[in-house]
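Asker: Quick one: structure below, then a few questions.
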Amino acid sequence: QVQLVESGGGLVQAGGSLRLSCAASGRIFSIHTMGWYRQAPGKQRDLVATITSGDITNHADSVKGRFTISRDNSKNTVLLQMSSLKPEDTAVYYCNARGTGNMIYWGKGTLVTVSS
């Protein structure tokens with residue numbers, strides 16, 4: 001099993017920045033890809049960004065140029081630096097990990113609220 005714990009959410013004004021952090025523990029050696037997804041009220045959960053064990057990143061078009069995913073292997077942590085935030089970025093942000101054997105893990109989420 002893999003446990004994921006998110007932190008760093010909060011309330012920020014439009015144009016501001018936040019950094020989300022996801023700490024992984026457990027069978028982390030089995031993880032090959034980690035990422036962030038978000039779910040706004042009444043909407044489906046959407047991909048924000050992913051990063052592979054080889055540091056290949058992918059960002060959704062809606063966040064390209066504003067958000068950056070990275071990882072700190074020494075701390076088993078994945079970060080999401082968010083800048084130029086918009087009210088439409090308001091959502092619960094979930095950390096995701098994909099491991100061998102098609103295993104998928106989710107954190108409990110952290111709320112990001114962007115005020116206009």
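Residue numbering restarts at 1 in every chain; chains get A, B, ... in the order shown in the structure tokens, and ligands count up from 1 in that same order.
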Might you pull out every residue within 7 Å of Val2 in chain A, with only C-alpha atoms counted and same-chain residues fewer than 6 positions away left off, and present them as a PDB file with N, CA and C atoms, in the first residue's frame?
Answerer:
ATOM      1  N   ALA A  24       4.545  10.949   0.100  1.00  0.00           N
ATOM      2  CA  ALA A  24       4.219   9.547  -0.106  1.00  0.00           C
ATOM      3  C   ALA A  24       4.967   8.681   0.900  1.00  0.00           C
ATOM      4  N   SER A  25       4.289   7.632   1.358  1.00  0.00           N
ATOM      5  CA  SER A  25       4.922   6.677   2.269  1.00  0.00           C
ATOM      6  C   SER A  25       4.382   5.289   1.953  1.00  0.00           C
ATOM      7  N   GLY A  26       5.037   4.292   2.510  1.00  0.00           N
ATOM      8  CA  GLY A  26       4.629   2.914   2.252  1.00  0.00           C
ATOM      9  C   GLY A  26       5.463   2.306   1.147  1.00  0.00           C
ATOM     10  N   ARG A  27       4.823   1.593   0.236  1.00  0.00           N
ATOM     11  CA  ARG A  27       5.520   0.893  -0.848  1.00  0.00           C
ATOM     12  C   ARG A  27       5.879   1.846  -1.992  1.00  0.00           C
ATOM     13  N   ILE A  28       6.624   2.884  -1.666  1.00  0.00           N
ATOM     14  CA  ILE A  28       6.901   3.921  -2.655  1.00  0.00           C
ATOM     15  C   ILE A  28       7.778   3.420  -3.792  1.00  0.00           C
ATOM     16  N   TYR A 105      -3.443   5.047  -6.341  1.00  0.00           N
ATOM     17  CA  TYR A 105      -3.639   5.535  -4.978  1.00  0.00           C
ATOM     18  C   TYR A 105      -4.028   7.008  -5.026  1.00  0.00           C
TER      19      TYR A 105
END
Asker: Any idea what's packed within 9 Å of range 53-67 of chain A, counting only C-alpha atoms, ignoring anything in its chain fewer than 3 positions away? Could you give it as a PyMOL selection string?
Answerer: chain A and resi 31-34+46-50+70-71+80-85+89
Asker: The selected residues should be written to file as an mmCIF file, in the first residue's frame (atoms: N, CA, C and O atoms).
Answerer:
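This went into part_36.cif:
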data_model
loop_
_atom_site.group_PDB
_atom_site.id
_atom_site.type_symbol
_atom_site.label_atom_id
_atom_site.label_comp_id
_atom_site.auth_asym_id
_atom_site.auth_seq_id
_atom_site.Cartn_x
_atom_site.Cartn_y
_atom_site.Cartn_z
ATOM 1 N N ILE A 31 5.968 2.877 -7.111
ATOM 2 C CA ILE A 31 5.349 3.991 -7.829
ATOM 3 C C ILE A 31 6.171 4.362 -9.054
ATOM 4 O O ILE A 31 7.387 4.520 -8.962
ATOM 5 N N HIS A 32 5.497 4.544 -10.209
ATOM 6 C CA HIS A 32 6.212 5.002 -11.387
ATOM 7 C C HIS A 32 5.752 6.385 -11.838
ATOM 8 O O HIS A 32 6.477 7.089 -12.534
ATOM 9 N N THR A 33 4.563 6.784 -11.451
ATOM 10 C CA THR A 33 4.046 8.101 -11.858
ATOM 11 C C THR A 33 3.265 8.705 -10.698
ATOM 12 O O THR A 33 2.488 8.011 -10.041
ATOM 13 N N MET A 34 3.473 9.990 -10.494
ATOM 14 C CA MET A 34 2.680 10.715 -9.504
ATOM 15 C C MET A 34 2.089 11.942 -10.166
ATOM 16 O O MET A 34 2.604 12.430 -11.177
ATOM 17 N N ASP A 46 -10.410 16.176 -12.800
ATOM 18 C CA ASP A 46 -9.594 16.360 -13.998
ATOM 19 C C ASP A 46 -8.110 16.331 -13.681
ATOM 20 O O ASP A 46 -7.678 16.744 -12.604
ATOM 21 N N LEU A 47 -7.355 15.904 -14.657
ATOM 22 C CA LEU A 47 -5.904 15.908 -14.551
ATOM 23 C C LEU A 47 -5.374 17.333 -14.512
ATOM 24 O O LEU A 47 -5.824 18.192 -15.271
ATOM 25 N N VAL A 48 -4.417 17.572 -13.626
ATOM 26 C CA VAL A 48 -3.706 18.846 -13.589
ATOM 27 C C VAL A 48 -2.290 18.656 -14.143
ATOM 28 O O VAL A 48 -1.876 19.357 -15.064
ATOM 29 N N ALA A 49 -1.568 17.711 -13.576
ATOM 30 C CA ALA A 49 -0.189 17.478 -14.012
ATOM 31 C C ALA A 49 0.297 16.134 -13.495
ATOM 32 O O ALA A 49 -0.184 15.651 -12.470
ATOM 33 N N THR A 50 1.232 15.537 -14.228
ATOM 34 C CA THR A 50 1.853 14.291 -13.788
ATOM 35 C C THR A 50 3.360 14.366 -13.965
ATOM 36 O O THR A 50 3.863 15.174 -14.767
ATOM 37 N N SER A 70 6.840 19.064 -9.775
ATOM 38 C CA SER A 70 8.217 18.623 -9.574
ATOM 39 C C SER A 70 8.228 17.592 -8.448
ATOM 40 O O SER A 70 7.220 17.380 -7.785
ATOM 41 N N ARG A 71 9.367 16.956 -8.255
ATOM 42 C CA ARG A 71 9.456 15.972 -7.190
ATOM 43 C C ARG A 71 10.760 16.130 -6.438
ATOM 44 O O ARG A 71 11.767 16.543 -7.003
ATOM 45 N N LEU A 80 3.466 20.898 -6.371
ATOM 46 C CA LEU A 80 2.769 21.595 -7.447
ATOM 47 C C LEU A 80 2.850 23.085 -7.135
ATOM 48 O O LEU A 80 2.181 23.560 -6.205
ATOM 49 N N GLN A 81 3.678 23.781 -7.869
ATOM 50 C CA GLN A 81 3.790 25.228 -7.725
ATOM 51 C C GLN A 81 2.750 25.872 -8.627
ATOM 52 O O GLN A 81 2.762 25.659 -9.846
ATOM 53 N N MET A 82 1.872 26.652 -8.031
ATOM 54 C CA MET A 82 0.784 27.281 -8.766
ATOM 55 C C MET A 82 0.937 28.792 -8.708
ATOM 56 O O MET A 82 1.041 29.362 -7.615
ATOM 57 N N SER A 83 0.958 29.407 -9.861
ATOM 58 C CA SER A 83 1.102 30.854 -9.946
ATOM 59 C C SER A 83 -0.007 31.423 -10.829
ATOM 60 O O SER A 83 -0.677 30.691 -11.544
ATOM 61 N N SER A 84 -0.165 32.732 -10.761
ATOM 62 C CA SER A 84 -1.193 33.414 -11.557
ATOM 63 C C SER A 84 -2.540 32.716 -11.412
ATOM 64 O O SER A 84 -3.233 32.443 -12.395
ATOM 65 N N LEU A 85 -2.886 32.429 -10.191
ATOM 66 C CA LEU A 85 -4.111 31.668 -9.936
ATOM 67 C C LEU A 85 -5.346 32.448 -10.351
ATOM 68 O O LEU A 85 -5.398 33.691 -10.236
ATOM 69 N N ASP A 89 -9.566 28.117 -10.893
ATOM 70 C CA ASP A 89 -8.677 27.091 -10.337
ATOM 71 C C ASP A 89 -9.186 26.569 -8.999
ATOM 72 O O ASP A 89 -8.612 25.628 -8.440
#
Asker: Just the residues within 10 Å of Lys108 in chain A, please, counting only C-alpha atoms, with nothing from its chain fewer than 3 positions along; format it as a list in words.
Answerer: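 Contacts, with the query itself left out: Gln3, Leu4, Val5, Glu6, Val92, Tyr93, Tyr94, Cys95 and Asn96 of chain A.
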Asker: Please report the interatomic distance between CA of Ser115 in chain A and CA of Leu79 in chain A in Å with one decimal.
Answerer: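 Computed distance, CA of Ser115 in chain A to CA of Leu79 in chain A, equals 22.2 Å.
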Asker: Quick check, in Å to one decimal: how far apart do CA of Ser74 in chain A and CA of Leu20 in chain A lie?
Answerer: 17.0 Å
Asker: Have a look at CA of Arg45 in chain A and CA of Ile69 in chain A and let me know their distance in Å, one decimal.
Answerer: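 Atom-to-atom, CA of Arg45 in chain A and CA of Ile69 in chain A are spaced 17.7 Å apart.
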Asker: Considering only C-alpha atoms, can you say which of A:Thr77, A:Thr113, A:Thr90, A:Thr100 comes closest to Lys43 in chain A?
Answerer: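 Residue with the minimum atom-to-atom distance to Lys43 in chain A: A:Thr90.
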Asker: Which residue gives the smallest distance to Thr110 in chain A among A:Gly16, A:Pro41, A:Gly35, A:Gly9, with only C-alpha atoms counted?
Answerer: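 With only C-alpha atoms as the atom set, the closest residue is A:Gly9.
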Asker: Assign secondary structure with DSSP using the backbone only, and return the residues of range 7-52 of chain A in strand (DSSP E) as a PyMOL selection string.
Answerer: chain A and resi 7+10-13+18-26+31-39+45-52
Asker: If you keep N, CA, C and O atoms, can you produce a file of those selected residues as a short mmCIF file (atom, residue, chain, number, x, y, z; two decimals), in the first residue's frame?
Answerer:
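What ended up in out_32.cif:
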data_model
loop_
_atom_site.label_atom_id
_atom_site.label_comp_id
_atom_site.auth_asym_id
_atom_site.auth_seq_id
_atom_site.Cartn_x
_atom_site.Cartn_y
_atom_site.Cartn_z
N SER A 7 -0.77 18.71 1.38
CA SER A 7 -0.77 19.90 2.23
C SER A 7 -0.53 21.12 1.34
O SER A 7 -0.11 20.98 0.19
N GLY A 10 -5.37 26.36 0.52
CA GLY A 10 -5.82 27.51 1.28
C GLY A 10 -6.53 28.50 0.41
O GLY A 10 -6.91 28.21 -0.73
N LEU A 11 -6.71 29.68 0.95
CA LEU A 11 -7.40 30.78 0.27
C LEU A 11 -6.37 31.77 -0.25
O LEU A 11 -5.46 32.18 0.49
N VAL A 12 -6.52 32.14 -1.50
CA VAL A 12 -5.58 33.08 -2.11
C VAL A 12 -6.35 33.98 -3.07
O VAL A 12 -7.38 33.56 -3.64
N GLN A 13 -5.88 35.18 -3.26
CA GLN A 13 -6.51 36.08 -4.20
C GLN A 13 -6.08 35.75 -5.63
O GLN A 13 -4.99 35.21 -5.85
N LEU A 18 0.38 29.57 -4.78
CA LEU A 18 0.36 28.57 -3.72
C LEU A 18 1.24 27.41 -4.14
O LEU A 18 1.41 27.16 -5.34
N ARG A 19 1.76 26.69 -3.17
CA ARG A 19 2.50 25.49 -3.47
C ARG A 19 1.89 24.33 -2.71
O ARG A 19 1.79 24.37 -1.48
N LEU A 20 1.49 23.32 -3.44
CA LEU A 20 0.96 22.11 -2.84
C LEU A 20 2.06 21.06 -2.72
O LEU A 20 2.94 20.97 -3.58
N SER A 21 1.95 20.29 -1.68
CA SER A 21 2.92 19.23 -1.43
C SER A 21 2.20 17.93 -1.17
O SER A 21 1.14 17.91 -0.55
N CYS A 22 2.76 16.84 -1.66
CA CYS A 22 2.20 15.51 -1.45
C CYS A 22 3.32 14.59 -0.97
O CYS A 22 4.28 14.35 -1.72
N ALA A 23 3.17 14.11 0.24
CA ALA A 23 4.17 13.21 0.81
C ALA A 23 3.70 11.77 0.67
O ALA A 23 2.57 11.44 1.07
N ALA A 24 4.55 10.95 0.10
CA ALA A 24 4.22 9.55 -0.11
C ALA A 24 4.97 8.68 0.90
O ALA A 24 6.11 8.95 1.24
N SER A 25 4.29 7.63 1.36
CA SER A 25 4.92 6.68 2.27
C SER A 25 4.38 5.29 1.95
O SER A 25 3.39 5.13 1.24
N GLY A 26 5.04 4.29 2.51
CA GLY A 26 4.63 2.91 2.25
C GLY A 26 5.46 2.31 1.15
O GLY A 26 6.67 2.50 1.09
N ILE A 31 5.97 2.88 -7.11
CA ILE A 31 5.35 3.99 -7.83
C ILE A 31 6.17 4.36 -9.05
O ILE A 31 7.39 4.52 -8.96
N HIS A 32 5.50 4.54 -10.21
CA HIS A 32 6.21 5.00 -11.39
C HIS A 32 5.75 6.39 -11.84
O HIS A 32 6.48 7.09 -12.53
N THR A 33 4.56 6.78 -11.45
CA THR A 33 4.05 8.10 -11.86
C THR A 33 3.26 8.70 -10.70
O THR A 33 2.49 8.01 -10.04
N MET A 34 3.47 9.99 -10.49
CA MET A 34 2.68 10.72 -9.50
C MET A 34 2.09 11.94 -10.17
O MET A 34 2.60 12.43 -11.18
N GLY A 35 1.00 12.43 -9.60
CA GLY A 35 0.38 13.57 -10.22
C GLY A 35 -0.62 14.26 -9.33
O GLY A 35 -0.83 13.86 -8.18
N TRP A 36 -1.20 15.29 -9.89
CA TRP A 36 -2.23 16.07 -9.23
C TRP A 36 -3.47 16.11 -10.12
O TRP A 36 -3.36 16.30 -11.34
N TYR A 37 -4.61 15.95 -9.50
CA TYR A 37 -5.90 16.09 -10.14
C TYR A 37 -6.70 17.10 -9.32
O TYR A 37 -6.36 17.36 -8.17
N ARG A 38 -7.74 17.63 -9.92
CA ARG A 38 -8.58 18.56 -9.18
C ARG A 38 -10.05 18.34 -9.53
O ARG A 38 -10.37 17.91 -10.63
N GLN A 39 -10.88 18.66 -8.56
CA GLN A 39 -12.31 18.51 -8.74
C GLN A 39 -13.02 19.73 -8.19
O GLN A 39 -12.99 19.97 -6.97
N ARG A 45 -13.50 14.97 -11.81
CA ARG A 45 -12.10 15.14 -11.42
C ARG A 45 -11.24 15.15 -12.68
O ARG A 45 -11.31 14.25 -13.51
N ASP A 46 -10.41 16.18 -12.80
CA ASP A 46 -9.59 16.36 -14.00
C ASP A 46 -8.11 16.33 -13.68
O ASP A 46 -7.68 16.74 -12.60
N LEU A 47 -7.35 15.90 -14.66
CA LEU A 47 -5.90 15.91 -14.55
C LEU A 47 -5.37 17.33 -14.51
O LEU A 47 -5.82 18.19 -15.27
N VAL A 48 -4.42 17.57 -13.63
CA VAL A 48 -3.71 18.85 -13.59
C VAL A 48 -2.29 18.66 -14.14
O VAL A 48 -1.88 19.36 -15.06
N ALA A 49 -1.57 17.71 -13.58
CA ALA A 49 -0.19 17.48 -14.01
C ALA A 49 0.30 16.13 -13.49
O ALA A 49 -0.18 15.65 -12.47
N THR A 50 1.23 15.54 -14.23
CA THR A 50 1.85 14.29 -13.79
C THR A 50 3.36 14.37 -13.97
O THR A 50 3.86 15.17 -14.77
N ILE A 51 4.06 13.51 -13.23
CA ILE A 51 5.51 13.41 -13.36
C ILE A 51 5.89 11.95 -13.18
O ILE A 51 5.39 11.28 -12.27
N THR A 52 6.75 11.46 -14.07
CA THR A 52 7.16 10.07 -14.00
C THR A 52 8.43 9.91 -13.16
O THR A 52 9.06 10.90 -12.79
#
